[in-house]
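Peer 1: Got a structure for you, written out below as structure tokens; questions coming shortly.
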Amino acid sequence: MLDIKFIRENADLVKEAARKKNITFDVAELITVDDSRRAILTEVETMRSKQNEIANAVPRAQNPEERERLIAESKSAKELLQQKESELNEVMKQWQGLMVQVPNVPDMSVPEGKEDSDNVELRTWGAIPQFNFTPKDHIELMQNLGMLDLERGTKVAGFRGYVLKGDGARLQFALWHFVQDYFLKKEGYTPMIVPSLIKRELLFGTGYLPQGEEDLYKTQDGDYLAGTAEVATMGYYMDEVLEKKDLPIKLLSFADSFRREAGSHGKDTKGILRVHEFYKIEQVVLCEASHTESVKYHEEVQANTEGIMQALGIPYHVVVNCGGDLGLGQVKKYDIEAWLPSENTYRETGSASYFHDFQTRRLNIRYRDDGKLKFVHSVNNTALSGRPLIMLVENFQQEDGSIVIPEVLRPYMGKDKIG
RNA sequence: GGAUAGGUGGCAGAGUGGUCUAAUGCACCUGUCUUGAAAACAGGAGUCCGGGCAACCGGACCGUGAGUUCGAAUCUCACCCUAUCCGCCA
């Protein structure tokens, strides 16, 4: 959500934002609706003021005749007021419907483009492994080593179901444990385990709704399953006023994440690259309302995640997402994509973005700055999704089908090789 | 699943039909005092709409929405949320 004042004063910017993000949105229409909202609101308030004035005069009436006259006057004034109020209600509905569609303004540095293929590579890290044998994909590797059971996973959970097992389960635990310890050495990150089953308003507040309804699982009670720990973590401070001295607040959240993948039925149908349920560790930073601060922490959370990939020794590259690949609220986004030998390409393992006050305005998360209340800025990035496990086994496979465990994970695995 | 209580500013909390311009306390901001801070004292301070270059002025906002009434934070209804108790269950 943007401030309507900002939208009015920067209509061109918002129009340009919609174009760059490849979103259909008519700013002029919103401003027209806002004009009538303001006009009608002013009328309603004037009428209400008049109504109050008459009502206040009633007990001070000099005689019964005057009293009767005032009451009659008030009654007729009220009828007019009610008509005007229902007019206002109509306009407000229209206004709110448009307001939640207003895109946040992308940063100047965001490249032009319509879809993910237009993202621009910023840097690469690590040498792409050269195998002197034909590398196997993660499915074959993990199944052979008893790390993954897709057949029974599907039996239990249906399409895209899976079970991590044996060293597969242990390797996943090792990754989580390593990431937790990695963040112990960073400044100020508080680990949390947050709910996945959450209220609708949090998804609205973080900007996943109303547009992303079909990507989310919903319960018969109207609750939703979040696609990322970001949602509950942002909701943690909803409707609160934070102290400036407590900023930035840095959180490291763990949660089970659910995605319907409604628009991707035909994509990545084999293995565990695209699944309905996976565990995720997410960084969330709430900082002071300044672009410089947002950028600073955006770079910080990005560096944190790259540090994890480097420690694991997984080759990756970083792309800056083009306008068309940005979410409604995102100002700028980096995707980190790790090398997947079986596909001979990089695949996304995480995504870092900042929003300025887009999310916190919807969630009503403020802080006090010299006595004034301001909306904090929010930043988030994946620390570890479910995918690095896949990259790890594929990149570290040996000719005999075994998997060498990266140095940093050995203390958690208790061995240096699987198989 | 059943029952009860409650939702008021940043927080606590008073107000149960008309000077509510929402008391009071704490926290916050600005002064005075101080080497600085604390304390004390004085003042200020929310959001939205409109007018004004501006200091400021007018209006609206007591969970949300309807209703009763000349008049609602206050009464009625519905919904949302929170807490507690009973039942069931992990």
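In the structure tokens, chains take the letters A, B, ... in the order shown, each chain's residues start at 1, and ligands count up from 1 in the order shown.
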Show me, as an NGL selection string, the residues that have an atom within 9 Å of range 293-306 of chain A when counting only C-alpha atoms (C1' of nucleotides), minus same-chain residues fewer than 4 positions from it.

Peer 2: :A and (125 or 182-183 or 186 or 248 or 283-289 or 310-311 or 316 or 318 or 333-334 or 336 or 350-356 or 377-384)

Peer 1: Hey, what's within 6 Å of Ala226 in chain A if we count only C-alpha atoms (C1' of nucleotides) and toss same-chain stuff fewer than 5 positions away? As a PyMOL selection string, please?

Peer 2: chain A and resi 196+257-258

Peer 1: Would you mind exporting C-alpha atoms of the selected residues as a PDB file, in the first residue's frame?

Peer 2:
ATOM      1  CA  SER A 196       2.637 -21.497   9.069  1.00  0.00           C
ATOM      2  CA  SER A 257       6.158 -23.388   3.872  1.00  0.00           C
ATOM      3  CA  PHE A 258       3.272 -24.335   1.598  1.00  0.00           C
TER       4      PHE A 258
END

Peer 1: Near chain A, meaning an atom within 8 Å, which residues of chain B appear when counting only C-alpha atoms (C1' of nucleotides)? Write them as a ChimeraX atom specification.

Peer 2: /B:10,18,28-29,45,49-50,59-60,70-71

Peer 1: Take the selection from the previous step and output its residues with C-alpha atoms (C1' of nucleotides), as a CSV table (one decimal), in the first residue's frame.

Peer 2:
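File again_17.csv, as written:
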chain,number,residue,atom,x,y,z
B,10,G,C1',2.3,4.7,22.2
B,18,G,C1',-26.0,15.9,26.0
B,28,C,C1',7.6,10.3,24.4
B,29,C,C1',9.0,15.5,22.4
B,45,A,C1',2.1,15.6,21.2
B,49,C,C1',-10.4,15.3,5.1
B,50,G,C1',-10.7,20.5,4.0
B,59,G,C1',-14.6,18.9,10.7
B,60,A,C1',-14.5,13.5,11.4
B,70,C,C1',-33.0,15.4,18.0
B,71,G,C1',-28.2,13.6,20.0

Peer 1: With only C-alpha atoms (C1' of nucleotides) as the counted atoms, please give the residues lying no more than 7 Å from range 201-204 of chain A, apart from itself and same-chain residues fewer than 2 positions off, as a count of residues only.

Peer 2: 9

Peer 1: Run DSSP on the backbone of this structure and report the residues of range 122-278 of chain A it assigns to strand (DSSP E or B), as a PyMOL selection string.

Peer 2: chain A and resi 122-125+148-149+163-164+189-193+197-198+217-218+224-225+241-243+249-258+277-278

Peer 1: The selected residues should be written to file as a compact mmCIF listing (two decimals), in the first residue's frame (atoms: C-alpha atoms).

Peer 2:
# COMPACT_ATOMS: atom_id res chain seq x y z
CA LEU A 122 25.34 -9.37 -11.37
CA ARG A 123 28.06 -11.78 -10.36
CA THR A 124 28.97 -15.44 -10.23
CA TRP A 125 30.75 -17.35 -7.51
CA LEU A 148 14.70 -39.80 -0.55
CA ASP A 149 11.49 -41.76 -1.02
CA VAL A 163 9.95 -38.11 2.27
CA LEU A 164 13.51 -37.32 3.30
CA TYR A 189 19.77 -11.97 14.46
CA THR A 190 17.15 -13.54 16.74
CA PRO A 191 16.17 -17.08 15.80
CA MET A 192 12.46 -17.83 15.79
CA ILE A 193 10.12 -20.66 14.92
CA LEU A 197 -1.10 -21.61 9.74
CA ILE A 198 -1.94 -17.94 9.84
CA TYR A 217 -3.83 -23.17 0.68
CA LYS A 218 -6.82 -22.15 2.73
CA TYR A 224 -4.19 -19.85 5.33
CA LEU A 225 -0.95 -21.79 5.05
CA VAL A 241 4.84 0.84 17.82
CA LEU A 242 8.53 0.10 18.05
CA GLU A 243 11.23 2.23 19.63
CA ILE A 249 15.24 -5.62 14.36
CA LYS A 250 16.80 -8.66 12.71
CA LEU A 251 14.98 -11.96 12.77
CA LEU A 252 15.85 -15.42 11.57
CA SER A 253 12.64 -17.39 11.20
CA PHE A 254 12.05 -21.03 10.56
CA ALA A 255 8.74 -22.38 9.29
CA ASP A 256 7.13 -25.02 7.18
CA SER A 257 6.16 -23.39 3.87
CA PHE A 258 3.27 -24.34 1.60
CA GLU A 277 5.67 -28.26 1.30
CA PHE A 278 9.21 -27.45 2.38

Peer 1: Running DSSP on the backbone, which parts of range 205-328 of chain A land in alpha helix (DSSP H), as a VMD selection string?

Peer 2: chain A and resid 205 to 206 229 to 235 291 to 312

Peer 1: Residues as selected, N, CA and C atoms, written as a CSV table (one decimal), in the first residue's frame, can you do that?

Peer 2:
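See part11.csv below for the written result:
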chain,number,residue,atom,x,y,z
A,205,GLY,N,-1.4,-8.1,4.5
A,205,GLY,CA,-0.4,-7.1,5.0
A,205,GLY,C,1.0,-7.2,4.3
A,206,THR,N,1.4,-8.5,4.0
A,206,THR,CA,2.7,-8.7,3.4
A,206,THR,C,2.6,-8.5,1.9
A,229,ALA,N,8.1,-18.1,5.8
A,229,ALA,CA,8.1,-17.7,7.2
A,229,ALA,C,8.0,-16.2,7.3
A,230,GLU,N,8.3,-15.5,6.2
A,230,GLU,CA,8.2,-14.0,6.1
A,230,GLU,C,6.9,-13.5,6.6
A,231,VAL,N,5.8,-14.2,6.3
A,231,VAL,CA,4.5,-13.7,6.5
A,231,VAL,C,4.2,-13.6,8.1
A,232,ALA,N,4.4,-14.7,8.8
A,232,ALA,CA,4.2,-14.7,10.2
A,232,ALA,C,5.2,-13.8,10.9
A,233,THR,N,6.4,-13.8,10.4
A,233,THR,CA,7.4,-12.9,11.0
A,233,THR,C,7.1,-11.5,10.9
A,234,MET,N,6.6,-11.0,9.8
A,234,MET,CA,6.2,-9.7,9.6
A,234,MET,C,4.9,-9.4,10.5
A,235,GLY,N,4.1,-10.4,10.5
A,235,GLY,CA,2.8,-10.2,11.4
A,235,GLY,C,3.1,-10.1,12.8
A,291,HIS,N,15.6,5.2,2.7
A,291,HIS,CA,16.0,4.4,1.6
A,291,HIS,C,17.4,3.8,1.8
A,292,THR,N,18.3,4.7,2.4
A,292,THR,CA,19.7,4.2,2.6
A,292,THR,C,19.8,3.0,3.5
A,293,GLU,N,18.9,3.1,4.6
A,293,GLU,CA,18.9,2.0,5.5
A,293,GLU,C,18.4,0.7,4.8
A,294,SER,N,17.3,0.9,4.1
A,294,SER,CA,16.7,-0.3,3.4
A,294,SER,C,17.8,-0.9,2.5
A,295,VAL,N,18.5,-0.1,1.7
A,295,VAL,CA,19.5,-0.6,0.8
A,295,VAL,C,20.6,-1.3,1.6
A,296,LYS,N,21.0,-0.7,2.7
A,296,LYS,CA,22.1,-1.3,3.5
A,296,LYS,C,21.7,-2.7,4.0
A,297,TYR,N,20.5,-2.8,4.5
A,297,TYR,CA,20.2,-4.2,5.0
A,297,TYR,C,19.8,-5.1,3.9
A,298,HIS,N,19.3,-4.6,2.8
A,298,HIS,CA,19.1,-5.5,1.7
A,298,HIS,C,20.5,-6.1,1.2
A,299,GLU,N,21.5,-5.3,1.2
A,299,GLU,CA,22.8,-5.8,0.8
A,299,GLU,C,23.3,-6.8,1.9
A,300,GLU,N,23.0,-6.4,3.2
A,300,GLU,CA,23.5,-7.3,4.3
A,300,GLU,C,22.9,-8.7,4.2
A,301,VAL,N,21.5,-8.7,4.1
A,301,VAL,CA,20.9,-10.1,4.1
A,301,VAL,C,21.3,-10.9,2.8
A,302,GLN,N,21.6,-10.1,1.7
A,302,GLN,CA,22.1,-10.8,0.5
A,302,GLN,C,23.4,-11.4,0.8
A,303,ALA,N,24.3,-10.6,1.4
A,303,ALA,CA,25.7,-11.1,1.7
A,303,ALA,C,25.6,-12.3,2.6
A,304,ASN,N,24.7,-12.2,3.6
A,304,ASN,CA,24.6,-13.4,4.5
A,304,ASN,C,24.3,-14.7,3.8
A,305,THR,N,23.3,-14.6,2.9
A,305,THR,CA,23.0,-15.8,2.1
A,305,THR,C,24.1,-16.3,1.2
A,306,GLU,N,24.7,-15.3,0.6
A,306,GLU,CA,25.8,-15.7,-0.3
A,306,GLU,C,27.0,-16.4,0.5
A,307,GLY,N,27.1,-15.9,1.8
A,307,GLY,CA,28.1,-16.4,2.7
A,307,GLY,C,27.8,-17.9,3.0
A,308,ILE,N,26.6,-18.2,3.1
A,308,ILE,CA,26.2,-19.6,3.4
A,308,ILE,C,26.5,-20.5,2.2
A,309,MET,N,26.2,-20.0,1.0
A,309,MET,CA,26.5,-20.8,-0.2
A,309,MET,C,28.0,-21.0,-0.4
A,310,GLN,N,28.7,-19.9,-0.1
A,310,GLN,CA,30.2,-20.0,-0.2
A,310,GLN,C,30.7,-21.0,0.8
A,311,ALA,N,30.2,-21.0,2.0
A,311,ALA,CA,30.7,-21.9,3.1
A,311,ALA,C,30.4,-23.3,2.6
A,312,LEU,N,29.3,-23.5,2.0
A,312,LEU,CA,28.9,-24.9,1.5
A,312,LEU,C,29.7,-25.2,0.3

Peer 1: Could you name the residues that touch U16 in chain B at 12 Å or less, counting only C-alpha atoms (C1' of nucleotides), but leaving out those on the same chain fewer than 5 positions away, as JSON, numbers by chain?

Peer 2: {"B": [72, 73, 74, 75]}

Peer 1: Take the residues from that selection and write them out as an mmCIF file, in the first residue's frame, keeping C-alpha atoms (C1' of nucleotides).

Peer 2:
data_model
loop_
_atom_site.group_PDB
_atom_site.id
_atom_site.type_symbol
_atom_site.label_atom_id
_atom_site.label_comp_id
_atom_site.auth_asym_id
_atom_site.auth_seq_id
_atom_site.Cartn_x
_atom_site.Cartn_y
_atom_site.Cartn_z
ATOM 1 C "C1'" A B 72 -24.196 7.318 21.012
ATOM 2 C "C1'" A B 73 -17.521 5.741 23.486
ATOM 3 C "C1'" U B 74 -22.153 4.924 26.361
ATOM 4 C "C1'" C B 75 -28.336 1.465 24.427
#

Peer 1: Which residues, written as a PyMOL selection string, have at least one atom at most 12 Å from C85 in chain B, with only C-alpha atoms (C1' of nucleotides) counted and residues fewer than 6 positions away on the same chain left out?

Peer 2: chain B and resi 2-5

Peer 1: Tell me, as a PyMOL selection string, which residues lie within 6 Å of Arg259 in chain A, counting only C-alpha atoms (C1' of nucleotides); anything in the same chain fewer than 4 positions away does not count.

Peer 2: chain A and resi 216+227+276

Peer 1: Keeping N, CA and C atoms, export the residues of the selection given above as a tab-separated table (two decimals), in the first residue's frame.

Peer 2:
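Okay, part-v9.tsv is ready:
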chain	number	residue	atom	x	y	z
A	216	LEU	N	-2.26	-20.06	-2.70
A	216	LEU	CA	-2.25	-20.35	-1.26
A	216	LEU	C	-3.26	-21.42	-0.89
A	227	GLY	N	3.28	-19.36	2.49
A	227	GLY	CA	4.28	-19.88	1.56
A	227	GLY	C	5.70	-19.57	2.01
A	276	HIS	N	5.09	-28.93	-2.75
A	276	HIS	CA	4.03	-28.17	-2.10
A	276	HIS	C	4.37	-27.79	-0.67

Peer 1: Do a neighbour search on Glu115 in chain A at 8 Å with only C-alpha atoms (C1' of nucleotides), toss out local chain neighbours closer than 4 positions, and write the hits as a short mmCIF file (atom, residue, chain, number, x, y, z; two decimals) with C-alpha atoms, in the first residue's frame.

Peer 2:
data_model
loop_
_atom_site.label_atom_id
_atom_site.label_comp_id
_atom_site.auth_asym_id
_atom_site.auth_seq_id
_atom_site.Cartn_x
_atom_site.Cartn_y
_atom_site.Cartn_z
CA ASN A 119 16.83 -10.65 -15.18
CA CYS A 322 13.77 -7.04 -13.90
CA GLY A 324 8.27 -7.48 -14.72
CA ASP A 325 9.57 -10.08 -12.26
#

Peer 1: At what distance in Å, to one decimal, does CA of Gly327 in chain A lie from CA of Asp116 in chain A?

Peer 2: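 Computing it gives 12.0 Å between the two atoms.
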